[in-house]
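One file, coords17.cif, is given below (mmCIF, C-alpha atoms).
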data_coords
#
loop_
_atom_site.label_atom_id
_atom_site.label_comp_id
_atom_site.auth_asym_id
_atom_site.auth_seq_id
_atom_site.Cartn_x
_atom_site.Cartn_y
_atom_site.Cartn_z
CA MET A 1390 82.74 127.87 44.57
CA ARG A 1391 82.11 129.80 47.83
CA LEU A 1392 78.64 130.12 49.33
CA LEU A 1393 77.20 132.20 52.16
CA VAL A 1394 74.49 130.66 54.36
CA VAL A 1395 72.53 133.12 56.51
CA GLU A 1396 70.36 131.16 58.96
CA ASP A 1397 69.79 131.70 62.69
CA ASP A 1398 68.32 128.23 63.32
CA ALA A 1399 71.38 126.18 64.29
CA LYS A 1400 69.85 122.84 63.29
CA ILE A 1401 68.81 123.98 59.81
CA ALA A 1402 72.11 125.81 59.32
CA SER A 1403 74.10 122.69 60.23
CA PHE A 1404 72.02 120.55 57.85
CA VAL A 1405 72.53 122.97 54.95
CA VAL A 1406 76.19 123.79 55.58
CA ASN A 1407 77.26 120.15 56.01
CA GLY A 1408 75.37 119.11 52.90
CA LEU A 1409 76.92 121.86 50.80
CA LYS A 1410 80.42 121.07 52.05
CA GLN A 1411 79.91 117.39 51.21
CA SER A 1412 78.89 118.53 47.72
CA GLY A 1413 82.22 120.30 47.25
CA PHE A 1414 81.43 123.91 48.15
CA ALA A 1415 83.33 126.20 50.49
CA VAL A 1416 80.75 127.64 52.90
CA ASP A 1417 80.61 130.55 55.32
CA ARG A 1418 77.72 130.77 57.76
CA CYS A 1419 76.35 133.58 59.90
CA ALA A 1420 73.26 133.89 62.07
CA ASP A 1421 72.12 137.51 61.70
CA GLY A 1422 71.51 140.03 58.97
CA GLU A 1423 74.12 142.56 60.04
CA GLU A 1424 76.99 140.06 59.94
CA ALA A 1425 75.66 138.78 56.61
CA HIS A 1426 75.75 142.31 55.22
CA THR A 1427 79.38 142.70 56.27
CA LEU A 1428 80.41 139.36 54.75
CA ALA A 1429 78.47 139.82 51.50
CA SER A 1430 79.86 143.32 51.07
CA THR A 1431 83.48 142.28 51.53
CA THR A 1432 83.67 138.74 50.12
CA ALA A 1433 83.06 137.53 46.56
CA TYR A 1434 80.47 134.76 46.96
CA ASP A 1435 79.16 132.69 44.07
CA ALA A 1436 75.71 132.49 45.73
CA ALA A 1437 74.00 133.09 49.07
CA ILE A 1438 71.18 131.28 50.89
CA VAL A 1439 69.30 133.72 53.11
CA ASP A 1440 66.55 133.07 55.66
CA VAL A 1441 63.83 135.71 55.92
CA MET A 1442 63.39 135.79 59.71
CA LEU A 1443 66.78 136.96 60.99
CA PRO A 1444 67.84 138.90 64.10
CA LYS A 1445 69.26 142.44 63.86
CA LEU A 1446 68.40 142.79 60.16
CA ASP A 1447 65.74 140.63 58.50
CA GLY A 1448 66.45 138.82 55.24
CA LEU A 1449 64.40 141.06 52.95
CA SER A 1450 65.89 144.24 54.41
CA LEU A 1451 69.33 142.69 53.99
CA LEU A 1452 68.60 141.98 50.33
CA ARG A 1453 67.29 145.49 49.65
CA GLN A 1454 70.39 146.97 51.25
CA LEU A 1455 72.78 144.77 49.27
CA ARG A 1456 71.04 145.49 45.98
CA LYS A 1457 71.06 149.21 46.75
CA GLU A 1458 74.83 148.95 47.24
CA ASN A 1459 75.10 147.04 43.93
CA VAL A 1460 76.12 143.73 45.51
CA ARG A 1461 74.92 141.31 42.83
CA VAL A 1462 75.52 137.94 44.52
CA PRO A 1463 72.73 135.50 43.45
CA VAL A 1464 70.44 134.78 46.41
CA ILE A 1465 68.07 131.95 47.29
CA ILE A 1466 65.55 133.01 49.93
CA LEU A 1467 64.52 130.46 52.57
CA SER A 1468 61.19 131.00 54.29
CA ALA A 1469 58.39 129.18 56.06
CA ARG A 1470 56.01 131.61 54.34
CA ALA A 1471 54.62 129.98 51.23
CA THR A 1472 51.98 132.35 49.86
CA VAL A 1473 52.28 133.91 46.42
CA ASP A 1474 52.48 137.38 48.01
CA ASP A 1475 55.41 136.30 50.18
CA ARG A 1476 57.29 134.87 47.20
CA VAL A 1477 56.63 138.01 45.17
CA LYS A 1478 57.92 140.23 48.01
CA GLY A 1479 61.06 138.11 48.25
CA LEU A 1480 61.79 138.34 44.54
CA GLN A 1481 60.99 142.05 44.43
CA ALA A 1482 63.39 142.64 47.33
CA GLY A 1483 66.21 141.26 45.20
CA GLY A 1484 66.04 137.49 45.62
CA ASP A 1485 66.76 135.29 42.60
CA ASP A 1486 64.92 132.21 43.86
CA TYR A 1487 62.56 131.34 46.72
CA LEU A 1488 62.42 128.01 48.58
CA THR A 1489 59.89 127.28 51.31
CA LYS A 1490 60.58 125.30 54.48
CA PRO A 1491 60.66 122.39 55.00
CA PHE A 1492 62.71 121.44 51.95
CA ALA A 1493 64.77 118.51 50.68
CA PHE A 1494 68.50 119.20 50.50
CA SER A 1495 68.59 117.72 47.00
CA GLU A 1496 66.23 120.46 45.80
CA LEU A 1497 68.25 123.19 47.50
CA LEU A 1498 71.45 121.86 45.94
CA ALA A 1499 69.85 121.72 42.48
CA ARG A 1500 68.65 125.31 42.84
CA VAL A 1501 72.08 126.50 43.98
CA GLN A 1502 73.73 124.82 41.01
CA ALA A 1503 71.16 126.29 38.59
CA LEU A 1504 71.61 129.74 40.09
CA ILE A 1505 75.38 129.57 39.67
CA ARG A 1506 75.04 128.31 36.08
CA ARG A 1507 72.78 131.22 35.21
CA ALA A 1508 75.06 133.73 36.91
CA THR A 1509 78.22 132.41 35.24
CA HIS A 1510 76.55 131.52 31.92
CA ILE A 1511 77.86 127.95 32.17
CA SER A 1512 75.76 125.59 30.03
CA GLU A 1513 74.56 122.25 31.34
CA PRO A 1514 76.56 119.35 29.83
CA THR A 1515 74.65 116.81 27.75
CA ARG A 1516 77.26 114.08 28.10
CA LEU A 1517 79.20 112.88 31.14
CA THR A 1518 82.39 110.84 30.77
CA LEU A 1519 84.77 109.07 33.12
CA GLY A 1520 87.52 107.05 31.49
CA ASP A 1521 85.79 104.89 28.87
CA LEU A 1522 82.41 105.22 30.58
CA THR A 1523 79.97 107.59 28.85
CA LEU A 1524 76.50 108.74 29.90
CA ASP A 1525 74.38 110.57 27.32
CA LEU A 1526 71.83 112.73 29.16
CA LEU A 1527 69.79 113.58 26.07
CA ASN A 1528 69.32 110.05 24.76
CA ARG A 1529 69.62 108.43 28.20
CA GLU A 1530 72.19 105.98 26.89
CA VAL A 1531 75.19 104.52 28.70
CA SER A 1532 78.22 102.84 27.19
CA ARG A 1533 81.60 101.61 28.29
CA GLY A 1534 84.03 101.55 25.44
CA LYS A 1535 82.04 100.26 22.46
CA GLU A 1536 79.58 98.28 24.60
CA LYS A 1537 76.17 99.77 25.32
CA ILE A 1538 74.80 99.19 28.81
CA ASP A 1539 71.09 98.94 29.55
CA LEU A 1540 70.17 100.56 32.87
CA GLN A 1541 66.88 100.80 34.71
CA ALA A 1542 65.67 104.27 35.71
CA ARG A 1543 67.13 104.26 39.24
CA GLU A 1544 70.38 102.72 38.03
CA PHE A 1545 70.70 105.51 35.47
CA ALA A 1546 69.89 108.14 38.13
CA LEU A 1547 72.50 106.68 40.48
CA LEU A 1548 75.17 106.58 37.77
CA GLU A 1549 74.41 110.18 36.75
CA TYR A 1550 74.67 111.27 40.39
CA LEU A 1551 77.98 109.44 40.86
CA MET A 1552 79.41 110.79 37.60
CA ARG A 1553 78.46 114.35 38.52
CA HIS A 1554 80.37 113.78 41.78
CA ALA A 1555 83.21 111.77 40.22
CA GLY A 1556 86.22 111.52 42.51
CA ARG A 1557 84.17 112.55 45.55
CA VAL A 1558 82.69 110.21 48.13
CA VAL A 1559 78.90 110.25 48.35
CA THR A 1560 77.19 108.83 51.42
CA LYS A 1561 74.24 106.44 51.53
CA THR A 1562 72.09 109.23 52.94
CA MET A 1563 72.95 111.50 50.01
CA ILE A 1564 72.07 108.73 47.56
CA LEU A 1565 68.80 107.93 49.34
CA GLU A 1566 67.69 111.55 49.27
CA HIS A 1567 68.75 112.10 45.66
CA ILE A 1568 67.43 108.90 44.08
CA TRP A 1569 64.27 108.38 46.13
CA ASP A 1570 63.77 112.05 47.19
CA TYR A 1571 62.38 111.24 50.62
CA SER A 1572 63.66 109.84 53.89
CA PHE A 1573 64.41 106.16 54.29
CA ASP A 1574 65.66 104.35 57.36
CA PRO A 1575 69.46 104.85 57.10
CA GLN A 1576 69.85 101.18 58.04
CA THR A 1577 67.97 99.99 54.94
CA ASN A 1578 69.99 98.12 52.33
CA VAL A 1579 68.27 99.55 49.22
CA VAL A 1580 71.38 101.59 48.40
CA ASP A 1581 73.65 98.57 48.69
CA VAL A 1582 71.35 96.58 46.41
CA LEU A 1583 71.18 99.37 43.81
CA VAL A 1584 74.96 99.92 43.89
CA CYS A 1585 75.52 96.17 43.48
CA ARG A 1586 73.22 96.08 40.44
CA LEU A 1587 74.96 99.07 38.87
CA ARG A 1588 78.43 97.70 39.60
CA ASN A 1589 77.57 94.38 37.94
CA LYS A 1590 76.64 96.26 34.76
CA ILE A 1591 79.42 98.86 34.47
CA ASP A 1592 82.39 97.14 36.16
CA ARG A 1593 82.73 93.94 34.18
CA ASP A 1594 86.37 94.60 33.24
CA LYS A 1595 88.04 97.51 35.03
CA LYS A 1596 86.63 98.70 38.34
CA LEU A 1597 85.29 102.25 38.54
CA LEU A 1598 82.74 102.09 41.37
CA HIS A 1599 84.50 101.79 44.72
CA THR A 1600 83.10 101.25 48.22
CA ILE A 1601 84.60 103.37 51.01
CA ARG A 1602 83.77 101.22 53.99
CA GLY A 1603 81.73 103.00 56.65
CA VAL A 1604 81.44 106.16 54.52
CA GLY A 1605 79.87 105.59 51.12
CA TYR A 1606 80.85 105.20 47.46
CA VAL A 1607 83.05 106.93 44.92
CA LEU A 1608 83.28 106.67 41.14
CA LYS A 1609 86.87 107.09 39.96
CA THR A 1610 89.30 105.70 37.40
CA ALA A 1611 92.00 104.63 39.84
#
Would you mind giving the structure from this file in structure tokens?
Amino acid sequence: MRLLVVEDDAKIASFVVNGLKQSGFAVDRCADGEEAHTLASTTAYDAAIVDVMLPKLDGLSLLRQLRKENVRVPVIILSARATVDDRVKGLQAGGDDYLTKPFAFSELLARVQALIRRATHISEPTRLTLGDLTLDLLNREVSRGKEKIDLQAREFALLEYLMRHAGRVVTKTMILEHIWDYSFDPQTNVVDVLVCRLRNKIDRDKKLLHTIRGVGYVLKTA
């Protein structure tokens, strides 16, 4: 999946781009509306994240121009403006979703994924599997082989997150933001404690949950 991030604030752009790349997306970034128009007109993106206040060509004008030219890439609008009128203007200009600043990366990622699912008509799975480990999202049940595993709410959330990113390393910061949804001191050991609890429940026989020292954790079969 390839995404376009249009943001002139270097700090916000770096935060968003790095997070999306860590989540497995290919990402292009530009800092003004004119360059964004060129890229969106010539490259097939799965979704775009567009700031409203942009140099050369503002975000809403960019959207109107793209829609006029029949460029149908799904777009999430980023803006510090949070009034109903502002959101309505953004959606009427051609945006598919509207997210106000400041925002949690986990929410942005969830909205990007939902936007892509809607655009590609891919249904959300109700069951996640890795090897003999199964997670039922509807009944909130977990089993390994024929053995059912009882998980607490945060253990279940962590396992779901790891299974959705199976084979990819997730950092402690990513887990903190996803499971607790607000900032913790990166030096805290709450992630280590939660991972240890989960590992003790799902890895009694064959190891699936691996620690990548100094980086994070990965759920994989080998």
Practice task
Taking the file as shown, find all residues satisfying the PyMOL selection byres ((chain A and resi 1466-1478) around 8) and write them as a PyMOL selection string.
Solution key: chain A and resi 1438-1442+1448+1464-1465+1479-1482+1484-1491
Practice task
For CA of Lys1590 in chain A and CA of Ser1495 in chain A, determine how far apart the two atoms are, in Å to one decimal place.
Solution key: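 Taking CA of Lys1590 in chain A as the start and CA of Ser1495 in chain A as the end point, the length is 26.0 Å.
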Problem - Neighbours of point (73.0, 144.7, 58.9) within 7 Å, using all atoms listed in the file, written as an MDAnalysis selection string - result: chainID A and resid 1422:1426 1445:1446 1451
Using the selection just defined, write its residues with C-alpha atoms as a tab-separated table (two decimals), in the coordinates of the input.
chain	number	residue	atom	x	y	z
A	1422	GLY	CA	71.51	140.03	58.97
A	1423	GLU	CA	74.12	142.56	60.04
A	1424	GLU	CA	76.99	140.06	59.94
A	1425	ALA	CA	75.66	138.78	56.61
A	1426	HIS	CA	75.75	142.31	55.22
A	1445	LYS	CA	69.26	142.44	63.86
A	1446	LEU	CA	68.40	142.79	60.16
A	1451	LEU	CA	69.33	142.69	53.99
Exercise for the section: Report as a list in words the full result of the PyMOL selection byres ((chain A and resi 1540) around 12) when it is applied to this structure. Expected result: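 Applying the expression gives Leu1524, Arg1529, Glu1530, Val1531, Ser1532, Lys1537, Ile1538, Asp1539, Gln1541, Ala1542, Arg1543, Glu1544, Phe1545, Ala1546, Leu1547, Leu1548, Glu1549, Leu1583, Arg1586, Leu1587, Arg1588, Asn1589, Lys1590 and Ile1591 of chain A.
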Handout entry: Computed interatomic separation between CA of Arg1593 in chain A and CA of Ile1568 in chain A (Å)
Key =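 Those two atoms sit 23.6 Å apart.
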Practice task
Would you mind reading off the distance between CA of Ala1499 in chain A and CA of Lys1596 in chain A, one decimal, in Å?
Solution key: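 Spanning CA of Ala1499 in chain A to CA of Lys1596 in chain A is a straight-line distance of 28.8 Å.
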